[in-house]
$ cat upload-v9.cif   # mmCIF, C-alpha atoms
data_work
loop_
_atom_site.group_PDB
_atom_site.id
_atom_site.type_symbol
_atom_site.label_atom_id
_atom_site.label_comp_id
_atom_site.auth_asym_id
_atom_site.auth_seq_id
_atom_site.Cartn_x
_atom_site.Cartn_y
_atom_site.Cartn_z
ATOM 1 C CA MET A 1 0.000 0.000 0.000
ATOM 2 C CA LYS A 2 2.844 2.337 0.945
ATOM 3 C CA LYS A 3 4.607 1.582 -2.325
ATOM 4 C CA ILE A 4 1.474 2.375 -4.314
ATOM 5 C CA LEU A 5 1.140 5.650 -2.434
ATOM 6 C CA LEU A 6 4.792 6.455 -3.195
ATOM 7 C CA VAL A 7 4.299 5.765 -6.901
ATOM 8 C CA VAL A 8 1.152 7.925 -6.962
ATOM 9 C CA CYS A 9 2.999 10.767 -5.201
ATOM 10 C CA LEU A 10 5.897 10.494 -7.647
ATOM 11 C CA GLY A 11 3.397 10.611 -10.491
ATOM 12 C CA PHE A 12 2.128 13.937 -9.200
ATOM 13 C CA LEU A 13 5.685 15.198 -8.835
ATOM 14 C CA SER A 14 6.530 14.351 -12.420
ATOM 15 C CA GLY A 15 3.818 16.770 -13.532
ATOM 16 C CA CYS A 16 5.555 19.601 -11.711
ATOM 17 C CA VAL A 17 8.918 19.260 -13.387
ATOM 18 C CA SER A 18 7.789 19.581 -16.989
ATOM 19 C CA THR A 19 9.292 22.799 -18.295
ATOM 20 C CA VAL A 20 7.966 25.180 -20.890
ATOM 21 C CA GLU A 21 10.287 25.050 -23.875
ATOM 22 C CA PRO A 22 11.574 28.319 -25.362
ATOM 23 C CA TRP A 23 9.317 27.935 -28.396
ATOM 24 C CA GLU A 24 6.222 27.327 -26.271
ATOM 25 C CA ARG A 25 6.046 30.777 -24.710
ATOM 26 C CA GLY A 26 3.766 32.362 -27.278
ATOM 27 C CA ARG A 27 0.613 32.133 -25.189
ATOM 28 C CA PHE A 28 2.381 33.713 -22.198
ATOM 29 C CA THR A 29 2.929 36.849 -24.244
ATOM 30 C CA LYS A 30 -0.756 37.367 -24.933
ATOM 31 C CA ASN A 31 -2.517 40.261 -23.210
ATOM 32 C CA GLU A 32 -4.913 38.015 -21.308
ATOM 33 C CA MET A 33 -1.945 36.213 -19.714
ATOM 34 C CA GLN A 34 -0.437 39.380 -18.248
ATOM 35 C CA LEU A 35 -0.808 40.242 -14.590
ATOM 36 C CA GLU A 36 -2.200 43.549 -15.789
ATOM 37 C CA PRO A 37 -3.979 42.914 -19.078
ATOM 38 C CA ASP A 38 -4.838 46.581 -19.506
ATOM 39 C CA GLN A 39 -1.417 48.255 -19.320
ATOM 40 C CA MET A 40 -2.694 51.778 -19.966
ATOM 41 C CA GLY A 41 -5.486 51.448 -17.411
ATOM 42 C CA ALA A 42 -3.078 50.058 -14.822
ATOM 43 C CA ALA A 43 -0.599 52.900 -15.410
ATOM 44 C CA PHE A 44 -3.418 55.414 -14.972
ATOM 45 C CA LYS A 45 -4.585 53.742 -11.755
ATOM 46 C CA ARG A 46 -1.017 53.779 -10.399
ATOM 47 C CA HIS A 47 -0.713 57.423 -11.277
ATOM 48 C CA VAL A 48 -3.927 58.333 -9.475
ATOM 49 C CA TYR A 49 -2.942 56.162 -6.521
ATOM 50 C CA PHE A 50 0.456 57.738 -5.993
ATOM 51 C CA SER A 51 -0.970 61.226 -6.457
ATOM 52 C CA LYS A 52 -3.547 60.631 -3.749
ATOM 53 C CA GLU A 53 -1.280 58.671 -1.428
ATOM 54 C CA ALA A 54 1.977 60.591 -1.951
ATOM 55 C CA SER A 55 2.186 61.539 1.693
ATOM 56 C CA SER A 56 2.249 57.892 2.664
ATOM 57 C CA GLY A 57 5.252 57.239 0.420
ATOM 58 C CA GLY A 58 5.677 54.668 -2.293
ATOM 59 C CA THR A 59 6.929 57.145 -4.837
ATOM 60 C CA SER A 60 9.080 60.237 -4.591
ATOM 61 C CA THR A 61 6.663 62.437 -6.457
ATOM 62 C CA ALA A 62 4.446 64.658 -4.378
ATOM 63 C CA GLY A 63 0.891 65.156 -5.438
ATOM 64 C CA GLY A 64 -2.029 67.306 -4.477
ATOM 65 C CA GLY A 65 -4.580 64.590 -4.713
ATOM 66 C CA CYS A 66 -6.101 65.724 -7.987
ATOM 67 C CA GLY A 67 -4.511 62.941 -9.995
ATOM 68 C CA CYS A 68 -3.378 65.508 -12.524
ATOM 69 C CA ASN A 69 0.402 65.355 -12.048
ATOM 70 C CA MET B 1 17.288 5.634 4.770
ATOM 71 C CA LYS B 2 17.351 3.353 1.758
ATOM 72 C CA ASN B 3 13.910 4.599 0.712
ATOM 73 C CA ILE B 4 15.016 8.217 1.050
ATOM 74 C CA ARG B 5 18.017 7.540 -1.180
ATOM 75 C CA LEU B 6 15.768 5.897 -3.739
ATOM 76 C CA LEU B 7 13.370 8.826 -3.587
ATOM 77 C CA MET B 8 16.246 11.297 -4.024
ATOM 78 C CA ALA B 9 17.533 9.335 -7.032
ATOM 79 C CA VAL B 10 14.102 9.259 -8.648
ATOM 80 C CA LEU B 11 13.599 12.985 -8.034
ATOM 81 C CA PHE B 12 17.036 13.722 -9.494
ATOM 82 C CA CYS B 13 16.173 11.759 -12.620
ATOM 83 C CA LEU B 14 12.858 13.586 -12.924
ATOM 84 C CA THR B 15 14.346 17.031 -12.590
ATOM 85 C CA THR B 16 17.508 16.547 -14.656
ATOM 86 C CA GLN B 17 17.174 17.534 -18.270
ATOM 87 C CA GLN B 18 19.679 16.835 -20.951
ATOM 88 C CA VAL B 19 20.655 20.015 -22.750
ATOM 89 C CA ASN B 20 22.901 19.218 -25.687
ATOM 90 C CA ALA B 21 23.039 21.834 -28.383
ATOM 91 C CA LEU B 22 23.460 20.833 -32.010
ATOM 92 C CA ASP B 23 27.182 21.312 -32.567
ATOM 93 C CA ASN B 24 28.987 22.969 -35.441
ATOM 94 C CA GLY B 25 30.244 20.402 -37.944
ATOM 95 C CA GLU B 26 27.277 18.082 -37.402
ATOM 96 C CA ILE B 27 24.979 17.202 -40.269
ATOM 97 C CA VAL B 28 21.699 19.059 -39.832
ATOM 98 C CA PRO B 29 18.793 16.638 -39.321
ATOM 99 C CA ASN B 30 16.946 16.055 -42.563
ATOM 100 C CA LEU B 31 13.319 16.740 -41.872
ATOM 101 C CA THR B 32 10.352 17.344 -44.073
ATOM 102 C CA LEU B 33 8.280 20.396 -43.213
ATOM 103 C CA LEU B 34 5.246 22.091 -44.637
ATOM 104 C CA ASP B 35 5.617 25.426 -46.328
ATOM 105 C CA TRP B 36 3.018 28.168 -45.868
ATOM 106 C CA ASN B 37 0.783 26.576 -48.556
ATOM 107 C CA ASN B 38 1.031 23.162 -46.834
ATOM 108 C CA THR B 39 3.363 21.735 -49.489
ATOM 109 C CA PRO B 40 5.975 19.346 -48.035
ATOM 110 C CA VAL B 41 9.535 20.642 -48.237
ATOM 111 C CA ALA B 42 12.584 18.603 -47.216
ATOM 112 C CA ILE B 43 15.697 20.333 -45.956
ATOM 113 C CA ALA B 44 17.686 17.913 -48.160
ATOM 114 C CA ASP B 45 16.014 19.513 -51.227
ATOM 115 C CA TYR B 46 18.322 22.485 -50.663
ATOM 116 C CA LYS B 47 21.534 20.458 -50.802
ATOM 117 C CA GLY B 48 24.158 22.397 -52.709
ATOM 118 C CA LYS B 49 22.907 25.703 -51.301
ATOM 119 C CA VAL B 50 24.095 27.681 -48.337
ATOM 120 C CA LEU B 51 21.189 27.852 -45.918
ATOM 121 C CA TYR B 52 20.291 30.349 -43.246
ATOM 122 C CA ILE B 53 17.727 28.463 -41.163
ATOM 123 C CA ASP B 54 15.991 30.879 -38.845
ATOM 124 C CA PHE B 55 13.491 29.879 -36.168
ATOM 125 C CA TRP B 56 11.054 32.678 -35.384
ATOM 126 C CA ALA B 57 7.691 33.448 -33.826
ATOM 127 C CA SER B 58 5.298 36.384 -34.033
ATOM 128 C CA TRP B 59 5.706 37.148 -30.317
ATOM 129 C CA CYS B 60 9.491 37.355 -30.558
ATOM 130 C CA ILE B 61 10.490 41.029 -30.558
ATOM 131 C CA PRO B 62 13.950 40.674 -32.201
ATOM 132 C CA CYS B 63 12.288 38.760 -35.074
ATOM 133 C CA LYS B 64 10.789 42.076 -36.197
ATOM 134 C CA LYS B 65 14.339 43.294 -36.791
ATOM 135 C CA SER B 66 15.650 40.058 -38.288
ATOM 136 C CA PHE B 67 13.042 39.898 -41.091
ATOM 137 C CA PRO B 68 14.286 42.958 -43.027
ATOM 138 C CA PHE B 69 17.836 41.649 -42.565
ATOM 139 C CA MET B 70 16.891 38.242 -43.976
ATOM 140 C CA ASN B 71 15.122 39.952 -46.907
ATOM 141 C CA ASP B 72 18.378 41.785 -47.628
ATOM 142 C CA LEU B 73 20.386 38.555 -47.409
ATOM 143 C CA GLN B 74 18.025 36.758 -49.775
ATOM 144 C CA ALA B 75 18.085 39.656 -52.269
ATOM 145 C CA LYS B 76 21.874 39.961 -52.177
ATOM 146 C CA TYR B 77 22.963 36.311 -52.154
ATOM 147 C CA GLY B 78 19.925 34.427 -53.511
ATOM 148 C CA LYS B 79 21.369 34.134 -57.025
ATOM 149 C CA GLN B 80 24.686 32.852 -55.685
ATOM 150 C CA GLY B 81 23.183 29.669 -54.218
ATOM 151 C CA PHE B 82 21.876 30.949 -50.916
ATOM 152 C CA GLN B 83 18.492 30.428 -49.325
ATOM 153 C CA VAL B 84 16.819 31.698 -46.176
ATOM 154 C CA LEU B 85 14.459 29.191 -44.586
ATOM 155 C CA ALA B 86 12.447 30.834 -41.835
ATOM 156 C CA ILE B 87 10.720 28.273 -39.650
ATOM 157 C CA ASN B 88 7.725 29.561 -37.744
ATOM 158 C CA MET B 89 7.208 28.280 -34.212
ATOM 159 C CA ASP B 90 3.881 29.971 -33.408
ATOM 160 C CA GLU B 91 1.306 27.812 -31.684
ATOM 161 C CA GLU B 92 -1.462 29.543 -33.617
ATOM 162 C CA LYS B 93 -0.985 30.062 -37.344
ATOM 163 C CA GLN B 94 -3.102 33.222 -37.467
ATOM 164 C CA ASP B 95 -0.595 34.994 -35.173
ATOM 165 C CA ALA B 96 2.135 34.286 -37.720
ATOM 166 C CA GLU B 97 -0.091 35.437 -40.570
ATOM 167 C CA LYS B 98 -0.667 38.787 -38.854
ATOM 168 C CA PHE B 99 3.089 39.146 -38.358
ATOM 169 C CA LEU B 100 3.801 38.312 -42.011
ATOM 170 C CA LYS B 101 1.348 40.978 -43.181
ATOM 171 C CA LYS B 102 3.243 43.543 -41.140
ATOM 172 C CA TYR B 103 6.721 42.216 -41.916
ATOM 173 C CA PRO B 104 6.597 40.695 -45.411
ATOM 174 C CA ALA B 105 9.121 37.988 -46.222
ATOM 175 C CA ASP B 106 10.835 37.491 -49.585
ATOM 176 C CA PHE B 107 12.144 34.082 -48.572
ATOM 177 C CA THR B 108 10.752 30.642 -47.775
ATOM 178 C CA ILE B 109 8.559 30.351 -44.697
ATOM 179 C CA LEU B 110 8.063 26.896 -43.232
ATOM 180 C CA GLN B 111 5.828 25.632 -40.465
ATOM 181 C CA GLY B 112 7.783 24.306 -37.515
ATOM 182 C CA ASN B 113 6.816 21.891 -34.788
ATOM 183 C CA SER B 114 8.041 20.753 -31.429
ATOM 184 C CA ASP B 115 9.897 17.702 -32.801
ATOM 185 C CA LEU B 116 11.853 19.934 -35.143
ATOM 186 C CA ALA B 117 12.720 22.364 -32.351
ATOM 187 C CA LYS B 118 13.949 19.443 -30.270
ATOM 188 C CA ALA B 119 15.978 18.083 -33.197
ATOM 189 C CA PHE B 120 17.696 21.457 -33.521
ATOM 190 C CA LYS B 121 17.865 21.805 -29.729
ATOM 191 C CA LEU B 122 16.650 25.379 -29.713
ATOM 192 C CA THR B 123 17.665 27.412 -26.701
ATOM 193 C CA GLY B 124 15.535 30.441 -27.555
ATOM 194 C CA LEU B 125 13.932 32.442 -30.340
ATOM 195 C CA PRO B 126 15.079 33.708 -32.743
ATOM 196 C CA MET B 127 17.813 31.203 -33.395
ATOM 197 C CA ALA B 128 19.608 30.896 -36.710
ATOM 198 C CA PHE B 129 21.715 28.100 -38.177
ATOM 199 C CA ILE B 130 24.096 28.570 -41.094
ATOM 200 C CA VAL B 131 24.410 25.365 -43.083
ATOM 201 C CA ASN B 132 26.905 24.712 -45.854
ATOM 202 C CA GLN B 133 26.344 23.136 -49.275
ATOM 203 C CA ASN B 134 26.796 19.626 -47.815
ATOM 204 C CA GLY B 135 24.179 20.047 -45.101
ATOM 205 C CA LYS B 136 26.752 20.558 -42.375
ATOM 206 C CA LEU B 137 26.072 23.058 -39.608
ATOM 207 C CA MET B 138 28.754 25.741 -39.787
ATOM 208 C CA ALA B 139 27.517 28.387 -37.338
ATOM 209 C CA LYS B 140 24.625 29.146 -35.067
ATOM 210 C CA HIS B 141 23.370 32.416 -33.682
ATOM 211 C CA SER B 142 21.136 32.611 -30.671
ATOM 212 C CA GLY B 143 19.100 35.816 -30.625
ATOM 213 C CA PHE B 144 19.418 38.666 -33.073
ATOM 214 C CA ASN B 145 21.145 41.984 -32.647
ATOM 215 C CA GLN B 146 22.842 44.569 -34.801
ATOM 216 C CA ASN B 147 26.301 43.379 -33.731
ATOM 217 C CA ASN B 148 26.096 39.899 -35.195
ATOM 218 C CA LYS B 149 24.856 41.061 -38.619
ATOM 219 C CA LYS B 150 28.416 41.544 -39.881
ATOM 220 C CA LYS B 151 29.446 38.158 -38.545
ATOM 221 C CA VAL B 152 26.537 36.451 -40.324
ATOM 222 C CA ILE B 153 27.351 38.207 -43.607
ATOM 223 C CA LEU B 154 31.017 37.207 -43.373
ATOM 224 C CA GLN B 155 30.128 33.601 -42.631
ATOM 225 C CA ILE B 156 27.703 33.429 -45.568
ATOM 226 C CA GLU B 157 30.156 35.089 -47.961
ATOM 227 C CA HIS B 158 32.895 32.703 -46.834
ATOM 228 C CA LEU B 159 30.699 29.693 -47.600
ATOM 229 C CA LEU B 160 29.537 31.113 -50.932
ATOM 230 C CA VAL B 161 33.138 31.379 -52.178
ATOM 231 C CA GLY B 162 32.877 27.654 -52.996
ATOM 232 C CA ASN B 163 29.941 28.351 -55.350
ATOM 233 C CA ARG B 164 31.815 30.903 -57.453
#

$ encode --input "upload-v9.cif" --output "structure tokens"
Amino acid sequence: MKKILLVVCLGFLSGCVSTVEPWERGRFTKNEMQLEPDQMGAAFKRHVYFSKEASSGGTSTAGGGCGCN
Amino acid sequence: MKNIRLLMAVLFCLTTQQVNALDNGEIVPNLTLLDWNNTPVAIADYKGKVLYIDFWASWCIPCKKSFPFMNDLQAKYGKQGFQVLAINMDEEKQDAEKFLKKYPADFTILQGNSDLAKAFKLTGLPMAFIVNQNGKLMAKHSGFNQNNKKKVILQIEHLLVGNR
């Protein structure tokens, strides 16, 4: 029983070591695979965030809270 | 203890991957591929020509720069017994088609596959192989940048001397 369990566990492990080959990275480059699919929107959100929260740090740029810097 | 050793050995075997690059001087594997119109093309059909075999994909940024360079190579050396074979490695053909509309190619485009990439032991994209008239690999270039253009041209011209 223990041996069967070991083999099953090893089977699961073998699934974790398969690597993505260099020519198989195409789908990773697609927009929907990015952490932030909408790059422009994310940049805008960051800009507003640091403008409003400048006093709490995070960036070196000061802001008045209008999000217009 | 014995079981742990066995487990370690099995894990080592599972995680170890053999990475042997295709070496210069080796005969390039003769494979038959499909061209863009699904017509079979064998690499051996080009025996007697100097080949620049380039692996590319639409998502590969340096490939945008390598296409105009390969067009220039084909235009300049095509009549001297030289051929560019650009092998596409996209998982979806329509991605490559979009790329080709934007970056037209005046050379042969072939459809690649995983077996081919393994046969050539690709380490990244783009990757180019310069093959002599006898099908022997003479040089390989991983990546594409402005600095290795001159090197590629010199290597091709050196091999083409035999055709003159």

$ atom_distance --input "upload-v9.cif" --atom1 "CA of Glu92 in chain B" --atom2 "CA of Asp106 in chain B"
21.7 Å

$ axis_aligned_box --input "upload-v9.cif" --around "range 31-50 of chain A" --padding-each-side "4 Å" --output "lines of an AutoDock Vina configuration file"
center_x = -2.5
center_y = 47.3
center_z = -14.6
size_x = 13.9
size_y = 30.1
size_z = 25.2

$ closest_residue --input "upload-v9.cif" --among "A:Phe50, A:Lys45, A:Met1, A:Glu21" --to "chain B" --atoms "all atoms listed in the file"
A:Glu21

$ resolve_selection --input "upload-v9.cif" --expression "the PyMOL selection byres ((chain B and resi 110) around 6)" --output "PyMOL selection string"
chain B and resi 34-36+87+109+111

$ atom_distance --input "upload-v9.cif" --atom1 "CA of Lys151 in chain B" --atom2 "CA of Asp90 in chain B"
27.3 Å
